2 protein chains.
Amino acid sequence: MTDISPLAPASFPDMPEIPGVQLAAAACGVRYAGQLDVLLIELAAGTEVAGVFTQSQTAAAPIDWCKQALGNGKAQALVVNSGNANAFNGVAGIASVERTAAQASEIVGCAPEDVFIASTGVIGEALPDNKITDALAGLKDNLGSDWQAAAEAISTTDTYPKGSFRKVKIGDKDVIIGGIAKGSGMIAPDMATMLAFVFTDAAIPQNILQRLLAKSADESFNSITVDSDTSTSDTVLLFATGQAEHEWVAAVGDAHLREFRQALDEVMLDLAQQVVRDGEGATKFVEIKVSGAADDAAARKIGLAVANSPLVKTAIAGEDANWGRIVMAVGKSGEKADRDKLCISMGGVEIAATGQAVEGYDEAPVAEHMKGQEIDITVDVGIGQGSATVWTCDLTHGYITINADYRT
Amino acid sequence: MTDISPLAPASFPDMPEIPGVQLAAAACGVRYAGQLDVLLIELAAGTEVAGVFTQSQTAAAPIDWCKQALGNGKAQALVVNSGNANAFNGVAGIASVERTAAQASEIVGCAPEDVFIASTGVIGEALPDNKITDALAGLKDNLGSDWQAAAEAISTTDTYPKGSFRKVKIGDKDVIIGGIAKGSGMIAPDMATMLAFVFTDAAIPQNILQRLLAKSADESFNSITVDSDTSTSDTVLLFATGQAEHEWVAAVGDAHLREFRQALDEVMLDLAQQVVRDGEGATKFVEIKVSGAADDAAARKIGLAVANSPLVKTAIAGEDANWGRIVMAVGKSGEKADRDKLCISMGGVEIAATGQAVEGYDEAPVAEHMKGQEIDITVDVGIGQGSATVWTCDLTHGYITINADYRT
């Protein structure tokens with residue numbers, strides 16, 4: 001890992017054990033020697049699983065595998081490697097996934113289709129899957145709950161490991177939701193992060209779990225962008241081990257699930273925002289709230305047009321409240337906006353309204369705001385009631401430095 | 001102007017006079033003192049005009065004016081200023097355009113609706129239109145054919161003036177097509193460049209002129225991108241003064257118009273490529289040919305997804321043949337592609353085919369190609385017969401330097 005992002009949280013959270021989840025990480029030299037790069041997670045029998053994946057037309061082999069395995073609805077193992085994405089490797093890539101699943105199923109004692117697999121790293125180089133399969137027996141012998149090692153093992157250009165958890169109640173019973181994520185570049189909807197895995201000991205049927213995850217992902221991992229580039233490997237999986245002995249969950253809308261739903265959204269958003277805070281070269285974290293759009297989807301598209309604009313992102317890097325570039329980005333989104341009703345605020349100060357600059361607006365607090373690490377932009381496009389919030393980071397020399405010399 | 005782009009042509013072309021077109025430029029201090037920033041072009045009575053404009057929902061006031069004036073189909077004057085885009089200035093912006101058109105019409109001796117207006121520069125600051133209107137009489141007295149001064153007067157962050165011309169025949173009569181353009185950042189379809197003005201002494205009815213321009217723009221200015229950011233001011237106008245005494249043009253498909261059509265496409269493409277070669281911070285010119293797409297529009301969208309990808313552009317800046325990022329960009333375009341039939345070549349060498357890396361492909365000529373200034377990428381997506389070519393530049397520290405400190 002290079003220098004830690006200035007936007008990183010103070011420390012990795014003190015993640016608790018999650019009943020029914022055991023894990024171990026190891027340094028297997030998948031690409032680089034001496035760094036954690038393979039993660040095995042064993043899940044209690046009967047664990048339900050939900051997933052959302054990249055929309056890429058050139059998705060990696062593990063994506064195909066996971067989508068098919070999801071049809072089964074159950075999981076007993078998750079194997080993740082960093083260093084190599086096993087993407088665009090043709091039939092050899094598929095064979096690598098199959099060998100890994102077969103070996104993991106033997107060691108964990110489950111069917112191959114109960115094994116989920118994710119890979120992240122370089123595209124188009126053969127995955128040395130023997131380095132992974134050779135390590136699985138040793139990982140099985142060392143299962144525990146070192147979440148920080150797990151988060152490190154799935155990282156590539158990340159500058160810090162990412163974890164988040166909440167303890168909540170379903171009815172009067174305690175449950176835990178905890179997860180890890182990785183992602184720093186090639187971050188854009190859909191999906192936004194490259195990899196995130198969230199676990200809970202709650203007992204939630206697969207069909208409900210899937211709906212909870214999809215909604216939560218839309219407002220978190222699908223609402224962030226670093227560089228507008230969608231990965232071939234983006235995967236978010238949510239596992240429910242069913243070890244907590246709470247009352248039966250029958251529907252997404254169950255009243256006793258409310259606290260759980262909110263906590264799940266918080267964990268997902270925390271992880272997604274940590275990905276943005278680790279955006280390659282990022283020095284500022286940017287929240288863009290859009291209102292007044294035709295509908296929520298239009299608002300999100302407008303927000304992402306602003307968030308993805310290189311000119312907006314470089315202006316923020318330069319601490320320049322260049323709101324004209326926001327006008328430009330709203331205009332190019334393809335969604336309806338009323339130029340003559342458009343309102344833009346930065347740092348809580350209204351800068352542009354009713355189609356022109358606010359005369360004599362106080363630049364001093366805005367200039368001060370732009371110097372900070374947390375930038376707030378609000379845009380009302382004057383058409384309807386749709387709203388959305390998206391998150392991004394600035395575009396700096398650091399991004400160029402990292403990405404003009406990554407593979408070689 | 002800052003240091004001239006390393007991709008610039010050797011010199012400004014030796015542009016000829018175009019019968020029916022007279023022009024003059026002056027330094028009026030619209031934003032900066034001492035640099036050419038206002039251009040007046042007077043056109044012979046009866047000049048036909050066609051135009052294509054930005055698709056932005058937050059288009060600048062001059063765009064509204066030109067679209068309306070285009071309904072008239074005739075032009076006698078063009079007034080362009082740089083330094084201020086007169087965008088997002090509300091009713092004051094519209095009044096500025098009206099005052100400029102009124103003054104120009106008086107000085108040239110035509111109706112206000114025969115005056116076309118374009119502005120480029122900062123967004124959201126009041127245009128000091130008196131600096132323009134005060135200069136028009138003096139410009140009228142100095143009309144000539146200094147095209148290089150004209151090209152300089154419409155520039156902003158451009159590092160060199162952009163011009164192009166061709167001499168061709170319609171039937172057995174000589175005609176000239178010549179134009180100027182400006183653009184460097186905030187360059188993306190639709191429209192790609194910020195401003196381009198092309199002139200011919202041919203006599204071509206407005207409805208035919210418009211169709212010729214629209215087709216030509218699709219394959220030139222709508223097929224380039226620097227940074228994916230669409231300007232609020234993008235304008236391409238094509239004026240035909242009708243001074244050449246060739247036989248009557250009755251239809252777009254007229255056989256005696258073939259040479260003219262081709263020359264127009266060449267001038268438009270030359271100007272568009274000059275904009276890319278002046279892309280902010282550019283050190284490499286990149287041509288991306290896409291074939292095998294569902295249709296030509298899909299091919300162009302895939303090409304632009306590759307051309308706009310920050311990860312592809314930074315890899316090129318780093319002279320790294322990181323074709324995995326091209327796979328990623330094809331996948332995110334939203335258009336159909338067959339991962340397992342996808343073929344990618346760089347510098348004429350096939351690197352990936354049938355869904356995986358070409359085993360043992362010769363990296364040496366590719367590495368050599370990446371060190372050059374002209375990068376060729378071809379992508380076949382394995383679906384159908386659609387094809388397109390797009391052009392872009394790399395993404396470098398220079399882009400960040402220019403844009404993180406432009407307005408302030």
# chains A, B, ... in the order shown; residues from 1 in each chain; ligands from 1
call {"tool": "residues_around", "arguments": {"residues": "Met194 in chain A", "least_positions_apart": "4", "cutoff": "9 Å", "atoms": "only C-alpha atoms", "output": "list in words"}}
result
Thr54, Thr120, Ala181, Lys182, Gly183, Ser184, Gly185, Met186, Ile187, Ala188, Thr230, Ser231, Thr232, Ser233, Asp234, Thr235 and Val236 of chain A
call {"tool": "closest_atom_pairs", "arguments": {"of": "chain B", "to": "chain A", "cutoff": "6 Å", "atoms": "only C-alpha atoms", "output": "Markdown table"}}
result
| residue | atom | partner | partner_atom | distance |
| --- | --- | --- | --- | --- |
| B:Ser56 | CA | A:Gly331 | CA | 4.5 |
| B:Gln57 | CA | A:Gly331 | CA | 4.2 |
| B:Thr58 | CA | A:Gly331 | CA | 4.6 |
| B:Phe88 | CA | A:Gln356 | CA | 5.1 |
| B:Asn89 | CA | A:Gln356 | CA | 4.7 |
| B:Gly90 | CA | A:Gly355 | CA | 5.0 |
| B:Ile123 | CA | A:Gly324 | CA | 4.9 |
| B:Gly124 | CA | A:Gly324 | CA | 5.9 |
| B:Thr230 | CA | A:Lys332 | CA | 5.7 |
| B:Thr232 | CA | A:Met328 | CA | 5.9 |
| B:Thr314 | CA | A:Ala404 | CA | 4.6 |
| B:Ala315 | CA | A:Ala404 | CA | 4.8 |
| B:Ala317 | CA | A:Ala404 | CA | 5.9 |
| B:Gly318 | CA | A:Ala404 | CA | 4.2 |
| B:Gly324 | CA | A:Ile123 | CA | 4.9 |
| B:Met328 | CA | A:Thr232 | CA | 5.9 |
| B:Gly331 | CA | A:Gln57 | CA | 4.2 |
| B:Lys332 | CA | A:Ser56 | CA | 5.0 |
| B:Arg339 | CA | A:Thr58 | CA | 4.9 |
| B:Gly355 | CA | A:Gly90 | CA | 5.0 |
| B:Gln356 | CA | A:Asn89 | CA | 4.7 |
| B:His397 | CA | A:His397 | CA | 5.7 |
| B:Asn403 | CA | A:Thr314 | CA | 5.7 |
| B:Ala404 | CA | A:Gly318 | CA | 4.2 |
| B:Asp405 | CA | A:Gly318 | CA | 5.7 |
call {"tool": "residues_around", "arguments": {"residues": "Ala364 in chain B", "least_positions_apart": "5", "cutoff": "12 Å", "atoms": "only C-alpha atoms", "output": "PyMOL selection string"}}
result
chain B and resi 320-321+346-347+349+351+369-371
call {"tool": "write_last_selection", "arguments": {"atoms": "N, CA and C atoms", "output": "short mmCIF file (atom, residue, chain, number, x, y, z; two decimals), in the first residue's frame"}}
result
data_model
loop_
_atom_site.label_atom_id
_atom_site.label_comp_id
_atom_site.auth_asym_id
_atom_site.auth_seq_id
_atom_site.Cartn_x
_atom_site.Cartn_y
_atom_site.Cartn_z
N ASP B 320 1.68 2.52 -21.62
CA ASP B 320 1.46 1.16 -21.14
C ASP B 320 0.34 0.55 -21.99
N ALA B 321 0.64 -0.55 -22.69
CA ALA B 321 -0.36 -1.21 -23.53
C ALA B 321 -1.31 -2.03 -22.66
N MET B 346 -3.42 -3.07 -30.92
CA MET B 346 -2.79 -1.77 -30.70
C MET B 346 -1.57 -1.69 -31.61
N GLY B 347 -1.47 -0.57 -32.33
CA GLY B 347 -0.36 -0.42 -33.26
C GLY B 347 -0.32 -1.51 -34.31
N VAL B 349 -0.98 -4.64 -33.96
CA VAL B 349 -0.66 -5.98 -33.44
C VAL B 349 -1.86 -6.50 -32.65
N ILE B 351 -3.63 -8.19 -29.89
CA ILE B 351 -3.19 -8.46 -28.51
C ILE B 351 -4.15 -9.39 -27.81
N HIS B 369 5.29 1.18 -30.29
CA HIS B 369 4.15 2.00 -30.75
C HIS B 369 3.67 2.94 -29.64
N MET B 370 3.60 2.43 -28.42
CA MET B 370 3.08 3.23 -27.31
C MET B 370 3.98 4.43 -27.00
N LYS B 371 5.23 4.35 -27.40
CA LYS B 371 6.15 5.46 -27.14
C LYS B 371 5.96 6.60 -28.14
#
call {"tool": "atom_distance", "arguments": {"atom1": "CA of Phe53 in chain A", "atom2": "CA of Lys67 in chain A"}}
result
8.1 Å
call {"tool": "select_by_dssp", "arguments": {"residues": "range 169-400 of chain A", "states": "alpha helix (DSSP H)", "output": "PyMOL selection string"}}
result
chain A and resi 206-218+258-277+296-308+310-317+324-332+363-371+397-400
call {"tool": "write_last_selection", "arguments": {"atoms": "C-alpha atoms", "output": "PDB file, in the first residue's frame"}}
result
ATOM      1  CA  GLN A 206     -33.004 -15.396   0.397  1.00  0.00           C
ATOM      2  CA  ASN A 207     -35.773 -13.586  -1.486  1.00  0.00           C
ATOM      3  CA  ILE A 208     -36.010 -10.945   1.241  1.00  0.00           C
ATOM      4  CA  LEU A 209     -32.241 -10.706   1.576  1.00  0.00           C
ATOM      5  CA  GLN A 210     -31.927 -10.033  -2.162  1.00  0.00           C
ATOM      6  CA  ARG A 211     -34.469  -7.207  -2.065  1.00  0.00           C
ATOM      7  CA  LEU A 212     -32.829  -5.610   0.959  1.00  0.00           C
ATOM      8  CA  LEU A 213     -29.429  -5.766  -0.728  1.00  0.00           C
ATOM      9  CA  ALA A 214     -30.581  -4.406  -4.084  1.00  0.00           C
ATOM     10  CA  LYS A 215     -32.283  -1.386  -2.515  1.00  0.00           C
ATOM     11  CA  SER A 216     -29.376  -0.693  -0.214  1.00  0.00           C
ATOM     12  CA  ALA A 217     -26.834  -1.022  -3.045  1.00  0.00           C
ATOM     13  CA  ASP A 218     -28.713   1.539  -5.136  1.00  0.00           C
ATOM     14  CA  ARG A 258     -36.890  -1.818  10.498  1.00  0.00           C
ATOM     15  CA  GLU A 259     -33.840  -1.330  12.702  1.00  0.00           C
ATOM     16  CA  PHE A 260     -32.007  -4.055  10.766  1.00  0.00           C
ATOM     17  CA  ARG A 261     -32.824  -2.472   7.417  1.00  0.00           C
ATOM     18  CA  GLN A 262     -31.501   0.875   8.590  1.00  0.00           C
ATOM     19  CA  ALA A 263     -28.332  -0.662  10.013  1.00  0.00           C
ATOM     20  CA  LEU A 264     -27.740  -2.583   6.779  1.00  0.00           C
ATOM     21  CA  ASP A 265     -28.072   0.660   4.828  1.00  0.00           C
ATOM     22  CA  GLU A 266     -25.619   2.325   7.205  1.00  0.00           C
ATOM     23  CA  VAL A 267     -23.004  -0.425   6.881  1.00  0.00           C
ATOM     24  CA  MET A 268     -23.353  -0.438   3.083  1.00  0.00           C
ATOM     25  CA  LEU A 269     -23.107   3.360   2.871  1.00  0.00           C
ATOM     26  CA  ASP A 270     -20.175   3.468   5.276  1.00  0.00           C
ATOM     27  CA  LEU A 271     -18.284   0.925   3.156  1.00  0.00           C
ATOM     28  CA  ALA A 272     -19.190   2.706  -0.100  1.00  0.00           C
ATOM     29  CA  GLN A 273     -18.073   6.068   1.270  1.00  0.00           C
ATOM     30  CA  GLN A 274     -14.830   4.506   2.479  1.00  0.00           C
ATOM     31  CA  VAL A 275     -14.204   3.455  -1.126  1.00  0.00           C
ATOM     32  CA  VAL A 276     -14.665   7.053  -2.276  1.00  0.00           C
ATOM     33  CA  ARG A 277     -12.430   8.310   0.535  1.00  0.00           C
ATOM     34  CA  ASP A 296     -35.113  10.034  -8.411  1.00  0.00           C
ATOM     35  CA  ALA A 297     -33.361   8.156 -11.226  1.00  0.00           C
ATOM     36  CA  ALA A 298     -32.949  11.403 -13.202  1.00  0.00           C
ATOM     37  CA  ALA A 299     -31.604  13.093 -10.077  1.00  0.00           C
ATOM     38  CA  ARG A 300     -29.014  10.348  -9.634  1.00  0.00           C
ATOM     39  CA  LYS A 301     -27.985  10.596 -13.281  1.00  0.00           C
ATOM     40  CA  ILE A 302     -27.538  14.369 -12.968  1.00  0.00           C
ATOM     41  CA  GLY A 303     -25.595  13.906  -9.732  1.00  0.00           C
ATOM     42  CA  LEU A 304     -23.294  11.377 -11.399  1.00  0.00           C
ATOM     43  CA  ALA A 305     -22.790  13.688 -14.411  1.00  0.00           C
ATOM     44  CA  VAL A 306     -21.501  16.315 -11.972  1.00  0.00           C
ATOM     45  CA  ALA A 307     -19.534  13.727  -9.984  1.00  0.00           C
ATOM     46  CA  ASN A 308     -17.893  12.284 -13.105  1.00  0.00           C
ATOM     47  CA  PRO A 310     -13.220  15.900 -14.982  1.00  0.00           C
ATOM     48  CA  LEU A 311     -13.625  19.671 -15.045  1.00  0.00           C
ATOM     49  CA  VAL A 312     -15.730  19.743 -11.862  1.00  0.00           C
ATOM     50  CA  LYS A 313     -13.356  17.323 -10.152  1.00  0.00           C
ATOM     51  CA  THR A 314     -10.223  19.267 -11.097  1.00  0.00           C
ATOM     52  CA  ALA A 315     -11.844  22.546  -9.999  1.00  0.00           C
ATOM     53  CA  ILE A 316     -12.484  20.976  -6.576  1.00  0.00           C
ATOM     54  CA  ALA A 317      -8.883  19.758  -6.486  1.00  0.00           C
ATOM     55  CA  GLY A 324     -19.950  27.272 -14.128  1.00  0.00           C
ATOM     56  CA  ARG A 325     -18.573  23.777 -14.572  1.00  0.00           C
ATOM     57  CA  ILE A 326     -21.463  22.427 -12.478  1.00  0.00           C
ATOM     58  CA  VAL A 327     -23.886  24.214 -14.822  1.00  0.00           C
ATOM     59  CA  MET A 328     -22.078  22.530 -17.726  1.00  0.00           C
ATOM     60  CA  ALA A 329     -22.259  19.089 -16.121  1.00  0.00           C
ATOM     61  CA  VAL A 330     -25.973  19.399 -15.327  1.00  0.00           C
ATOM     62  CA  GLY A 331     -26.513  20.397 -18.937  1.00  0.00           C
ATOM     63  CA  LYS A 332     -24.691  17.398 -20.365  1.00  0.00           C
ATOM     64  CA  GLU A 363     -17.481  34.378  -1.690  1.00  0.00           C
ATOM     65  CA  ALA A 364     -15.466  34.261   1.549  1.00  0.00           C
ATOM     66  CA  PRO A 365     -17.264  31.346   3.279  1.00  0.00           C
ATOM     67  CA  VAL A 366     -17.368  29.433  -0.015  1.00  0.00           C
ATOM     68  CA  ALA A 367     -13.619  29.888  -0.550  1.00  0.00           C
ATOM     69  CA  GLU A 368     -13.063  28.702   3.025  1.00  0.00           C
ATOM     70  CA  HIS A 369     -15.312  25.677   2.429  1.00  0.00           C
ATOM     71  CA  MET A 370     -13.358  24.722  -0.713  1.00  0.00           C
ATOM     72  CA  LYS A 371     -10.168  24.549   1.361  1.00  0.00           C
ATOM     73  CA  HIS A 397      -2.124  14.670  -9.969  1.00  0.00           C
ATOM     74  CA  GLY A 398      -2.150  11.657  -7.646  1.00  0.00           C
ATOM     75  CA  TYR A 399      -4.721   9.892  -9.874  1.00  0.00           C
ATOM     76  CA  ILE A 400      -2.510  10.400 -12.924  1.00  0.00           C
TER      77      ILE A 400
END
call {"tool": "atom_distance", "arguments": {"atom1": "CA of Leu70 in chain B", "atom2": "CA of Gln243 in chain B"}}
result
20.5 Å
call {"tool": "atom_distance", "arguments": {"atom1": "CA of Asn72 in chain A", "atom2": "CA of Val49 in chain A"}}
result
9.0 Å
call {"tool": "select_by_dssp", "arguments": {"residues": "range 198-380 of chain B", "states": "strand (DSSP E)", "output": "number ranges by chain"}}
result
B: 198-200, 235-240, 285-293, 343-346, 349-353, 356-357, 374-380
call {"tool": "closest_residue", "arguments": {"among": "A:Thr283, A:Asn81, A:Thr241, A:Thr225", "to": "Val390 in chain A", "atoms": "only C-alpha atoms"}}
result
A:Thr225
call {"tool": "residues_around", "arguments": {"residues": "Ala75 in chain A", "least_positions_apart": "5", "cutoff": "8 Å", "atoms": "only C-alpha atoms", "output": "list of chain:residue names"}}
result
A:Leu43, A:Ala45, A:Gly46, A:Thr47, A:Glu48, A:Val49, A:Glu113, A:Asp114, A:Val115, A:Phe116, A:Phe239
call {"tool": "write_last_selection", "arguments": {"atoms": "N, CA and C atoms", "output": "short mmCIF file (atom, residue, chain, number, x, y, z; two decimals), in the first residue's frame"}}
result
data_model
loop_
_atom_site.label_atom_id
_atom_site.label_comp_id
_atom_site.auth_asym_id
_atom_site.auth_seq_id
_atom_site.Cartn_x
_atom_site.Cartn_y
_atom_site.Cartn_z
N LEU A 43 -18.86 -20.37 6.13
CA LEU A 43 -20.15 -19.93 6.63
C LEU A 43 -20.93 -21.13 7.13
N ALA A 45 -23.66 -23.92 7.85
CA ALA A 45 -24.61 -24.57 6.94
C ALA A 45 -25.95 -23.85 7.00
N GLY A 46 -26.58 -23.70 5.87
CA GLY A 46 -27.89 -23.04 5.83
C GLY A 46 -27.82 -21.55 5.61
N THR A 47 -26.60 -20.97 5.47
CA THR A 47 -26.46 -19.52 5.24
C THR A 47 -27.15 -19.12 3.93
N GLU A 48 -27.97 -18.07 4.03
CA GLU A 48 -28.64 -17.54 2.84
C GLU A 48 -27.75 -16.46 2.23
N VAL A 49 -27.82 -16.29 0.90
CA VAL A 49 -26.94 -15.32 0.26
C VAL A 49 -27.67 -14.53 -0.82
N GLU A 113 -21.42 -25.55 -5.65
CA GLU A 113 -22.30 -24.39 -5.88
C GLU A 113 -22.61 -23.62 -4.59
N ASP A 114 -22.12 -24.11 -3.46
CA ASP A 114 -22.23 -23.34 -2.21
C ASP A 114 -20.98 -22.50 -1.96
N VAL A 115 -20.08 -22.51 -2.93
CA VAL A 115 -18.83 -21.73 -2.82
C VAL A 115 -18.94 -20.49 -3.71
N PHE A 116 -18.73 -19.32 -3.13
CA PHE A 116 -18.72 -18.06 -3.90
C PHE A 116 -17.28 -17.60 -4.08
N PHE A 239 -24.42 -12.13 3.15
CA PHE A 239 -24.64 -13.47 3.69
C PHE A 239 -25.37 -13.38 5.03
#
call {"tool": "residues_around", "arguments": {"residues": "Val97 in chain A", "least_positions_apart": "6", "cutoff": "9 Å", "atoms": "only C-alpha atoms", "output": "PyMOL selection string"}}
result
chain A and resi 61-62+65+86+117+129
call {"tool": "write_last_selection", "arguments": {"atoms": "C-alpha atoms", "output": "compact mmCIF listing (two decimals), in the first residue's frame"}}
result
# COMPACT_ATOMS: atom_id res chain seq x y z
CA ALA A 61 -15.31 -15.41 -14.94
CA PRO A 62 -16.06 -15.29 -11.17
CA TRP A 65 -19.92 -18.33 -11.45
CA ASN A 86 -9.31 -13.57 -13.63
CA ILE A 117 -15.67 -16.68 -5.61
CA ASP A 129 -5.16 -20.74 -9.23
call {"tool": "residues_around", "arguments": {"residues": "range 17-19 of chain B", "least_positions_apart": "2", "cutoff": "8 Å", "atoms": "only C-alpha atoms", "output": "PDB file with C-alpha atoms, in the first residue's frame"}}
result
ATOM      1  CA  MET B  15      -5.494  30.117 -46.005  1.00  0.00           C
ATOM      2  CA  VAL B  21     -16.048  36.468 -46.815  1.00  0.00           C
ATOM      3  CA  GLN B  22     -14.216  39.358 -45.146  1.00  0.00           C
ATOM      4  CA  SER B 145      -8.567  37.965 -44.838  1.00  0.00           C
ATOM      5  CA  ILE B 176     -12.944  26.975 -51.821  1.00  0.00           C
ATOM      6  CA  ILE B 177     -13.882  25.534 -48.439  1.00  0.00           C
ATOM      7  CA  GLY B 178     -12.032  26.978 -45.468  1.00  0.00           C
ATOM      8  CA  PHE B 199     -16.996  29.072 -45.180  1.00  0.00           C
ATOM      9  CA  THR B 200     -17.311  28.361 -48.887  1.00  0.00           C
ATOM     10  CA  ASP B 201     -17.950  30.450 -51.942  1.00  0.00           C
ATOM     11  CA  THR B 241     -21.616  32.823 -49.946  1.00  0.00           C
ATOM     12  CA  GLN B 243     -19.981  33.770 -55.190  1.00  0.00           C
ATOM     13  CA  ALA B 244     -18.673  30.836 -57.261  1.00  0.00           C
TER      14      ALA B 244
END
call {"tool": "closest_residue", "arguments": {"among": "B:Ile224, B:Ala77, B:Leu195, B:Ala255", "to": "Gly51 in chain B", "atoms": "only C-alpha atoms"}}
result
B:Leu195
call {"tool": "residues_around", "arguments": {"residues": "Ala293 in chain B", "least_positions_apart": "4", "cutoff": "7 Å", "atoms": "only C-alpha atoms", "output": "tab-separated table (two decimals) with C-alpha atoms, in the first residue's frame"}}
result
chain	number	residue	atom	x	y	z
B	298	ALA	CA	-23.39	1.51	-31.09
B	299	ALA	CA	-19.86	1.41	-32.49
B	381	VAL	CA	-16.82	-6.50	-30.52
B	382	GLY	CA	-18.02	-9.57	-32.38
B	383	ILE	CA	-21.72	-8.79	-32.63
B	384	GLY	CA	-22.60	-7.29	-36.02
B	385	GLN	CA	-21.56	-4.98	-38.86
B	386	GLY	CA	-21.55	-1.53	-37.19
B	387	SER	CA	-18.35	0.50	-37.29
